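Text of the file start_22.cif, holding mmCIF, N, CA and C atoms:
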```cif
data_protein
loop_
_atom_site.group_PDB
_atom_site.id
_atom_site.type_symbol
_atom_site.label_atom_id
_atom_site.label_comp_id
_atom_site.auth_asym_id
_atom_site.auth_seq_id
_atom_site.Cartn_x
_atom_site.Cartn_y
_atom_site.Cartn_z
ATOM 1 N N MET V 1 5.845 -29.129 2.672
ATOM 2 C CA MET V 1 7.182 -29.229 2.131
ATOM 3 C C MET V 1 7.327 -28.224 0.982
ATOM 4 N N LYS V 2 8.387 -27.450 1.014
ATOM 5 C CA LYS V 2 8.652 -26.470 -0.032
ATOM 6 C C LYS V 2 9.500 -27.112 -1.120
ATOM 7 N N LYS V 3 9.079 -26.887 -2.374
ATOM 8 C CA LYS V 3 9.831 -27.435 -3.505
ATOM 9 C C LYS V 3 9.853 -26.431 -4.642
ATOM 10 N N LEU V 4 10.904 -26.518 -5.419
ATOM 11 C CA LEU V 4 11.009 -25.788 -6.674
ATOM 12 C C LEU V 4 11.115 -26.852 -7.762
ATOM 13 N N VAL V 5 10.083 -26.979 -8.567
ATOM 14 C CA VAL V 5 10.032 -27.990 -9.616
ATOM 15 C C VAL V 5 10.524 -27.331 -10.904
ATOM 16 N N VAL V 6 11.601 -27.871 -11.467
ATOM 17 C CA VAL V 6 12.227 -27.288 -12.658
ATOM 18 C C VAL V 6 12.148 -28.283 -13.802
ATOM 19 N N GLN V 7 11.726 -27.790 -14.969
ATOM 20 C CA GLN V 7 11.659 -28.621 -16.173
ATOM 21 C C GLN V 7 12.547 -27.998 -17.249
ATOM 22 N N LEU V 8 13.415 -28.802 -17.830
ATOM 23 C CA LEU V 8 14.217 -28.383 -18.970
ATOM 24 C C LEU V 8 13.526 -28.919 -20.214
ATOM 25 N N LYS V 9 13.070 -28.019 -21.062
ATOM 26 C CA LYS V 9 12.305 -28.419 -22.237
ATOM 27 C C LYS V 9 13.215 -28.685 -23.433
ATOM 28 N N ALA V 10 12.691 -29.396 -24.426
ATOM 29 C CA ALA V 10 13.461 -29.794 -25.608
ATOM 30 C C ALA V 10 14.048 -28.594 -26.350
ATOM 31 N N ASP V 11 13.355 -27.456 -26.313
ATOM 32 C CA ASP V 11 13.849 -26.271 -27.011
ATOM 33 C C ASP V 11 14.900 -25.501 -26.212
ATOM 34 N N GLY V 12 15.256 -26.018 -25.023
ATOM 35 C CA GLY V 12 16.270 -25.377 -24.198
ATOM 36 C C GLY V 12 15.710 -24.413 -23.175
ATOM 37 N N SER V 13 14.422 -24.158 -23.229
ATOM 38 C CA SER V 13 13.825 -23.262 -22.242
ATOM 39 C C SER V 13 13.621 -24.008 -20.928
ATOM 40 N N VAL V 14 13.460 -23.247 -19.875
ATOM 41 C CA VAL V 14 13.287 -23.806 -18.547
ATOM 42 C C VAL V 14 11.961 -23.320 -17.987
ATOM 43 N N ALA V 15 11.208 -24.234 -17.398
ATOM 44 C CA ALA V 15 9.971 -23.883 -16.707
ATOM 45 C C ALA V 15 10.149 -24.247 -15.244
ATOM 46 N N ALA V 16 9.670 -23.404 -14.356
ATOM 47 C CA ALA V 16 9.802 -23.669 -12.927
ATOM 48 C C ALA V 16 8.500 -23.323 -12.225
ATOM 49 N N GLU V 17 8.210 -24.089 -11.189
ATOM 50 C CA GLU V 17 7.010 -23.856 -10.391
ATOM 51 C C GLU V 17 7.356 -24.072 -8.929
ATOM 52 N N THR V 18 6.913 -23.168 -8.082
ATOM 53 C CA THR V 18 7.113 -23.345 -6.654
ATOM 54 C C THR V 18 5.916 -24.097 -6.089
ATOM 55 N N VAL V 19 6.190 -24.953 -5.118
ATOM 56 C CA VAL V 19 5.150 -25.758 -4.478
ATOM 57 C C VAL V 19 5.324 -25.648 -2.967
ATOM 58 N N GLY V 20 4.226 -25.430 -2.271
ATOM 59 C CA GLY V 20 4.269 -25.370 -0.817
ATOM 60 C C GLY V 20 4.774 -24.056 -0.266
ATOM 61 N N MET V 21 4.799 -23.025 -1.090
ATOM 62 C CA MET V 21 5.256 -21.708 -0.646
ATOM 63 C C MET V 21 4.072 -20.754 -0.671
ATOM 64 N N THR V 22 4.077 -19.850 0.273
ATOM 65 C CA THR V 22 2.979 -18.904 0.360
ATOM 66 C C THR V 22 3.485 -17.475 0.224
ATOM 67 N N GLY V 23 2.635 -16.640 -0.320
ATOM 68 C CA GLY V 23 2.981 -15.231 -0.476
ATOM 69 C C GLY V 23 4.216 -15.031 -1.330
ATOM 70 N N PRO V 24 4.904 -13.935 -1.111
ATOM 71 C CA PRO V 24 6.029 -13.569 -1.982
ATOM 72 C C PRO V 24 7.317 -14.366 -1.766
ATOM 73 N N GLU V 25 7.343 -15.290 -0.815
ATOM 74 C CA GLU V 25 8.588 -16.047 -0.597
ATOM 75 C C GLU V 25 9.012 -16.811 -1.848
ATOM 76 N N CYS V 26 8.052 -17.167 -2.718
ATOM 77 C CA CYS V 26 8.381 -17.906 -3.933
ATOM 78 C C CYS V 26 9.303 -17.092 -4.851
ATOM 79 N N LEU V 27 9.194 -15.783 -4.782
ATOM 80 C CA LEU V 27 10.001 -14.927 -5.653
ATOM 81 C C LEU V 27 11.491 -15.061 -5.346
ATOM 82 N N ASP V 28 11.836 -15.301 -4.088
ATOM 83 C CA ASP V 28 13.241 -15.499 -3.719
ATOM 84 C C ASP V 28 13.815 -16.739 -4.401
ATOM 85 N N TYR V 29 13.020 -17.793 -4.468
ATOM 86 C CA TYR V 29 13.484 -19.034 -5.090
ATOM 87 C C TYR V 29 13.680 -18.856 -6.595
ATOM 88 N N ILE V 30 12.763 -18.152 -7.220
ATOM 89 C CA ILE V 30 12.882 -17.908 -8.659
ATOM 90 C C ILE V 30 14.100 -17.028 -8.936
ATOM 91 N N GLU V 31 14.330 -16.047 -8.084
ATOM 92 C CA GLU V 31 15.501 -15.171 -8.232
ATOM 93 C C GLU V 31 16.797 -15.980 -8.138
ATOM 94 N N GLN V 32 16.853 -16.917 -7.213
ATOM 95 C CA GLN V 32 18.049 -17.762 -7.074
ATOM 96 C C GLN V 32 18.238 -18.652 -8.302
ATOM 97 N N LEU V 33 17.143 -19.168 -8.849
ATOM 98 C CA LEU V 33 17.226 -19.992 -10.052
ATOM 99 C C LEU V 33 17.736 -19.164 -11.229
ATOM 100 N N GLU V 34 17.253 -17.944 -11.350
ATOM 101 C CA GLU V 34 17.738 -17.056 -12.412
ATOM 102 C C GLU V 34 19.250 -16.847 -12.284
ATOM 103 N N ALA V 35 19.719 -16.633 -11.065
ATOM 104 C CA ALA V 35 21.151 -16.419 -10.840
ATOM 105 C C ALA V 35 21.959 -17.668 -11.208
ATOM 106 N N LEU V 36 21.473 -18.837 -10.818
ATOM 107 C CA LEU V 36 22.174 -20.084 -11.143
ATOM 108 C C LEU V 36 22.265 -20.325 -12.645
ATOM 109 N N LEU V 37 21.182 -19.991 -13.349
ATOM 110 C CA LEU V 37 21.126 -20.239 -14.794
ATOM 111 C C LEU V 37 21.655 -19.063 -15.613
ATOM 112 N N GLU V 38 21.968 -17.950 -14.920
ATOM 113 C CA GLU V 38 22.341 -16.716 -15.607
ATOM 114 C C GLU V 38 21.288 -16.389 -16.662
ATOM 115 N N ALA V 39 20.028 -16.361 -16.208
ATOM 116 C CA ALA V 39 18.882 -16.156 -17.098
ATOM 117 C C ALA V 39 17.898 -15.194 -16.451
ATOM 118 N N GLU V 40 16.924 -14.763 -17.237
ATOM 119 C CA GLU V 40 15.857 -13.904 -16.737
ATOM 120 C C GLU V 40 14.516 -14.559 -17.019
ATOM 121 N N THR V 41 13.565 -14.318 -16.145
ATOM 122 C CA THR V 41 12.220 -14.847 -16.323
ATOM 123 C C THR V 41 11.563 -14.174 -17.520
ATOM 124 N N ALA V 42 11.038 -14.987 -18.435
ATOM 125 C CA ALA V 42 10.357 -14.459 -19.619
ATOM 126 C C ALA V 42 8.888 -14.207 -19.330
ATOM 127 N N SER V 43 8.270 -15.048 -18.515
ATOM 128 C CA SER V 43 6.879 -14.853 -18.117
ATOM 129 C C SER V 43 6.650 -15.577 -16.802
ATOM 130 N N SER V 44 5.669 -15.096 -16.056
ATOM 131 C CA SER V 44 5.358 -15.731 -14.775
ATOM 132 C C SER V 44 3.936 -15.402 -14.371
ATOM 133 N N GLN V 45 3.429 -16.184 -13.444
ATOM 134 C CA GLN V 45 2.129 -15.897 -12.865
ATOM 135 C C GLN V 45 2.106 -16.463 -11.451
ATOM 136 N N PHE V 46 1.318 -15.836 -10.598
ATOM 137 C CA PHE V 46 1.223 -16.274 -9.220
ATOM 138 C C PHE V 46 0.273 -17.461 -9.123
ATOM 139 N N THR V 47 0.590 -18.371 -8.203
ATOM 140 C CA THR V 47 -0.282 -19.513 -7.945
ATOM 141 C C THR V 47 -1.413 -19.088 -7.014
ATOM 142 N N ASP V 48 -2.357 -19.977 -6.809
ATOM 143 C CA ASP V 48 -3.453 -19.709 -5.880
ATOM 144 C C ASP V 48 -2.940 -19.479 -4.458
ATOM 145 N N ASP V 49 -1.841 -20.150 -4.086
ATOM 146 C CA ASP V 49 -1.278 -19.967 -2.747
ATOM 147 C C ASP V 49 -0.850 -18.524 -2.511
ATOM 148 N N TYR V 50 -0.299 -17.887 -3.512
ATOM 149 C CA TYR V 50 0.141 -16.502 -3.363
ATOM 150 C C TYR V 50 -1.049 -15.601 -3.036
ATOM 151 N N THR V 51 -2.100 -15.700 -3.824
ATOM 152 C CA THR V 51 -3.256 -14.827 -3.621
ATOM 153 C C THR V 51 -4.043 -15.221 -2.379
ATOM 154 N N ARG V 52 -4.070 -16.491 -2.031
ATOM 155 C CA ARG V 52 -4.783 -16.940 -0.839
ATOM 156 C C ARG V 52 -4.143 -16.320 0.407
ATOM 157 N N VAL V 53 -2.829 -16.255 0.429
ATOM 158 C CA VAL V 53 -2.124 -15.654 1.559
ATOM 159 C C VAL V 53 -2.397 -14.163 1.611
ATOM 160 N N ALA V 54 -2.408 -13.500 0.474
ATOM 161 C CA ALA V 54 -2.682 -12.061 0.444
ATOM 162 C C ALA V 54 -4.079 -11.783 0.982
ATOM 163 N N ALA V 55 -5.049 -12.590 0.603
ATOM 164 C CA ALA V 55 -6.413 -12.408 1.077
ATOM 165 C C ALA V 55 -6.486 -12.642 2.584
ATOM 166 N N THR V 56 -5.794 -13.628 3.081
ATOM 167 C CA THR V 56 -5.782 -13.914 4.513
ATOM 168 C C THR V 56 -5.172 -12.750 5.285
ATOM 169 N N ALA V 57 -4.100 -12.180 4.774
ATOM 170 C CA ALA V 57 -3.456 -11.040 5.428
ATOM 171 C C ALA V 57 -4.402 -9.845 5.461
ATOM 172 N N ASP V 58 -5.123 -9.595 4.379
ATOM 173 C CA ASP V 58 -6.097 -8.501 4.343
ATOM 174 C C ASP V 58 -7.196 -8.721 5.371
ATOM 175 N N ASP V 59 -7.670 -9.951 5.488
ATOM 176 C CA ASP V 59 -8.704 -10.277 6.470
ATOM 177 C C ASP V 59 -8.214 -10.011 7.889
ATOM 178 N N GLN V 60 -6.967 -10.383 8.168
ATOM 179 C CA GLN V 60 -6.405 -10.169 9.504
ATOM 180 C C GLN V 60 -6.302 -8.677 9.815
ATOM 181 N N LEU V 61 -5.895 -7.878 8.835
ATOM 182 C CA LEU V 61 -5.803 -6.426 9.052
ATOM 183 C C LEU V 61 -7.172 -5.835 9.348
ATOM 184 N N ARG V 62 -8.188 -6.285 8.633
ATOM 185 C CA ARG V 62 -9.544 -5.777 8.866
ATOM 186 C C ARG V 62 -10.006 -6.124 10.275
ATOM 187 N N GLN V 63 -9.715 -7.336 10.727
ATOM 188 C CA GLN V 63 -10.122 -7.752 12.074
ATOM 189 C C GLN V 63 -9.398 -6.934 13.123
ATOM 190 N N GLU V 64 -8.123 -6.634 12.914
ATOM 191 C CA GLU V 64 -7.366 -5.820 13.854
ATOM 192 C C GLU V 64 -7.920 -4.409 13.908
ATOM 193 N N ASP V 65 -8.295 -3.852 12.747
ATOM 194 C CA ASP V 65 -8.861 -2.516 12.701
ATOM 195 C C ASP V 65 -10.182 -2.441 13.457
ATOM 196 N N ARG V 66 -10.978 -3.492 13.380
ATOM 197 C CA ARG V 66 -12.265 -3.509 14.092
ATOM 198 C C ARG V 66 -12.063 -3.557 15.600
ATOM 199 N N GLY V 67 -10.968 -4.165 16.012
ATOM 200 C CA GLY V 67 -10.708 -4.304 17.441
ATOM 201 C C GLY V 67 -10.201 -3.040 18.097
ATOM 202 N N ARG V 68 -9.878 -2.044 17.322
ATOM 203 C CA ARG V 68 -9.329 -0.789 17.894
ATOM 204 C C ARG V 68 -10.417 0.109 18.387
#
```
Could you write out this structure as C-alpha coordinates?
Amino acid sequence: MKKLVVQLKADGSVAAETVGMTGPECLDYIEQLEALLEAETASSQFTDDYTRVAATADDQLRQEDRGR
(Lines of atoms letter the chains of each structure in order from A and count residues from 1; the text may use other names and numbers.)
(Lines give C-alpha, C1' and ligand atoms only; values in the text may rest on other atoms or scores of the structure.)
Protein backbone atom coordinates (compact mmCIF):
# COMPACT_ATOMS: atom_id res chain seq x y z
CA MET A 1 0.00 0.00 0.00
CA LYS A 2 1.37 3.41 -0.98
CA LYS A 3 1.04 6.20 1.57
CA LEU A 4 2.25 9.72 2.10
CA VAL A 5 2.52 10.35 5.85
CA VAL A 6 2.38 14.08 6.64
CA GLN A 7 3.08 15.67 10.02
CA LEU A 8 2.31 19.29 10.86
CA LYS A 9 4.70 20.34 13.60
CA ALA A 10 4.11 22.90 16.37
CA ASP A 11 6.48 25.38 14.71
CA GLY A 12 4.40 25.28 11.51
CA SER A 13 6.83 23.15 9.54
CA VAL A 14 5.68 20.07 7.70
CA ALA A 15 7.41 16.69 7.60
CA ALA A 16 6.44 14.05 5.06
CA GLU A 17 7.50 10.48 4.43
CA THR A 18 6.54 8.15 1.62
CA VAL A 19 5.74 4.54 2.50
CA GLY A 20 5.43 1.60 0.14
CA MET A 21 6.95 3.42 -2.82
CA THR A 22 10.00 2.31 -4.71
CA GLY A 23 12.55 4.21 -6.72
CA PRO A 24 11.90 7.76 -7.85
CA GLU A 25 8.08 7.52 -7.83
CA CYS A 26 8.15 9.02 -4.32
CA LEU A 27 9.40 12.30 -5.78
CA ASP A 28 6.11 12.79 -7.66
CA TYR A 29 4.18 12.61 -4.39
CA ILE A 30 6.46 15.11 -2.67
CA GLU A 31 6.16 17.44 -5.67
CA GLN A 32 2.36 17.30 -5.42
CA LEU A 33 2.51 18.04 -1.69
CA GLU A 34 4.74 21.05 -2.36
CA ALA A 35 2.19 22.33 -4.89
CA LEU A 36 -0.72 21.86 -2.47
CA LEU A 37 1.11 23.67 0.33
CA GLU A 38 2.70 26.26 -1.98
CA ALA A 39 5.99 25.33 -0.31
CA GLU A 40 9.43 24.00 -1.16
CA THR A 41 11.31 21.09 0.37
CA ALA A 42 13.94 22.34 2.82
CA SER A 43 15.69 18.98 3.21
CA SER A 44 15.15 15.40 2.14
CA GLN A 45 16.74 12.00 2.03
CA PHE A 46 15.97 8.78 0.22
CA THR A 47 14.62 5.78 2.12
CA ASP A 48 16.09 2.30 1.91
CA ASP A 49 13.37 1.41 -0.62
CA TYR A 50 14.72 3.97 -3.07
CA THR A 51 18.26 2.62 -3.00
CA ARG A 52 17.14 -1.02 -2.86
CA VAL A 53 15.27 -0.55 -6.14
CA ALA A 54 18.27 1.17 -7.73
CA ALA A 55 20.51 -1.73 -6.73
CA THR A 56 18.01 -4.25 -8.11
CA ALA A 57 17.85 -2.39 -11.43
CA ASP A 58 21.66 -2.38 -11.66
CA ASP A 59 21.73 -6.13 -10.98
CA GLN A 60 19.18 -6.74 -13.74
CA LEU A 61 21.23 -4.70 -16.24
CA ARG A 62 24.36 -6.69 -15.39
CA GLN A 63 22.51 -9.98 -15.92
CA GLU A 64 21.17 -8.78 -19.28
CA ASP A 65 24.67 -7.73 -20.36
CA ARG A 66 26.03 -11.19 -19.50
CA GLY A 67 23.35 -12.81 -21.60
CA ARG A 68 24.40 -10.99 -24.77
If you apply the PyMOL selection byres (((chain V and resi 24 and name CA) around 10) and name CA) to this file, what residues do you get, as an mmCIF file with N, CA and C atoms, in the coordinates of the input?
```cif
data_model
loop_
_atom_site.group_PDB
_atom_site.id
_atom_site.type_symbol
_atom_site.label_atom_id
_atom_site.label_comp_id
_atom_site.auth_asym_id
_atom_site.auth_seq_id
_atom_site.Cartn_x
_atom_site.Cartn_y
_atom_site.Cartn_z
ATOM 1 N N MET V 21 4.799 -23.025 -1.090
ATOM 2 C CA MET V 21 5.256 -21.708 -0.646
ATOM 3 C C MET V 21 4.072 -20.754 -0.671
ATOM 4 N N THR V 22 4.077 -19.850 0.273
ATOM 5 C CA THR V 22 2.979 -18.904 0.360
ATOM 6 C C THR V 22 3.485 -17.475 0.224
ATOM 7 N N GLY V 23 2.635 -16.640 -0.320
ATOM 8 C CA GLY V 23 2.981 -15.231 -0.476
ATOM 9 C C GLY V 23 4.216 -15.031 -1.330
ATOM 10 N N GLU V 25 7.343 -15.290 -0.815
ATOM 11 C CA GLU V 25 8.588 -16.047 -0.597
ATOM 12 C C GLU V 25 9.012 -16.811 -1.848
ATOM 13 N N CYS V 26 8.052 -17.167 -2.718
ATOM 14 C CA CYS V 26 8.381 -17.906 -3.933
ATOM 15 C C CYS V 26 9.303 -17.092 -4.851
ATOM 16 N N LEU V 27 9.194 -15.783 -4.782
ATOM 17 C CA LEU V 27 10.001 -14.927 -5.653
ATOM 18 C C LEU V 27 11.491 -15.061 -5.346
ATOM 19 N N ASP V 28 11.836 -15.301 -4.088
ATOM 20 C CA ASP V 28 13.241 -15.499 -3.719
ATOM 21 C C ASP V 28 13.815 -16.739 -4.401
ATOM 22 N N TYR V 29 13.020 -17.793 -4.468
ATOM 23 C CA TYR V 29 13.484 -19.034 -5.090
ATOM 24 C C TYR V 29 13.680 -18.856 -6.595
ATOM 25 N N PHE V 46 1.318 -15.836 -10.598
ATOM 26 C CA PHE V 46 1.223 -16.274 -9.220
ATOM 27 C C PHE V 46 0.273 -17.461 -9.123
ATOM 28 N N ASP V 49 -1.841 -20.150 -4.086
ATOM 29 C CA ASP V 49 -1.278 -19.967 -2.747
ATOM 30 C C ASP V 49 -0.850 -18.524 -2.511
ATOM 31 N N TYR V 50 -0.299 -17.887 -3.512
ATOM 32 C CA TYR V 50 0.141 -16.502 -3.363
ATOM 33 C C TYR V 50 -1.049 -15.601 -3.036
ATOM 34 N N THR V 51 -2.100 -15.700 -3.824
ATOM 35 C CA THR V 51 -3.256 -14.827 -3.621
ATOM 36 C C THR V 51 -4.043 -15.221 -2.379
ATOM 37 N N VAL V 53 -2.829 -16.255 0.429
ATOM 38 C CA VAL V 53 -2.124 -15.654 1.559
ATOM 39 C C VAL V 53 -2.397 -14.163 1.611
ATOM 40 N N ALA V 54 -2.408 -13.500 0.474
ATOM 41 C CA ALA V 54 -2.682 -12.061 0.444
ATOM 42 C C ALA V 54 -4.079 -11.783 0.982
#
```
Who sits within 8 Å of stretch 12-18 of chain V, all atoms listed in the file, same chain under 3 positions skipped, as a PyMOL selection string
chain V and resi 2-9+21-22+26+29-30+47
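Take atom N of V:Leu37 and atom C of V:Arg52: the distance between them is 29.1 Å.
A straight line drawn from atom CA of V:Asp11 to atom CA of V:Asp48 is 28.1 Å long.
Taking atom C of V:Met1 and atom C of V:Glu38 as the two end points, the separation is 25.4 Å.
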Hey, could you pull the box centre and edge lengths for stretch 3-17 of chain V, axis-aligned, 8 Å padding per side, all listed atoms, to one decimal in Å, as AutoDock Vina command-line options?
```
--center_x 11.6 --center_y -26.5 --center_z -14.7 --size_x 25.3 --size_y 22.5 --size_z 40.6
```
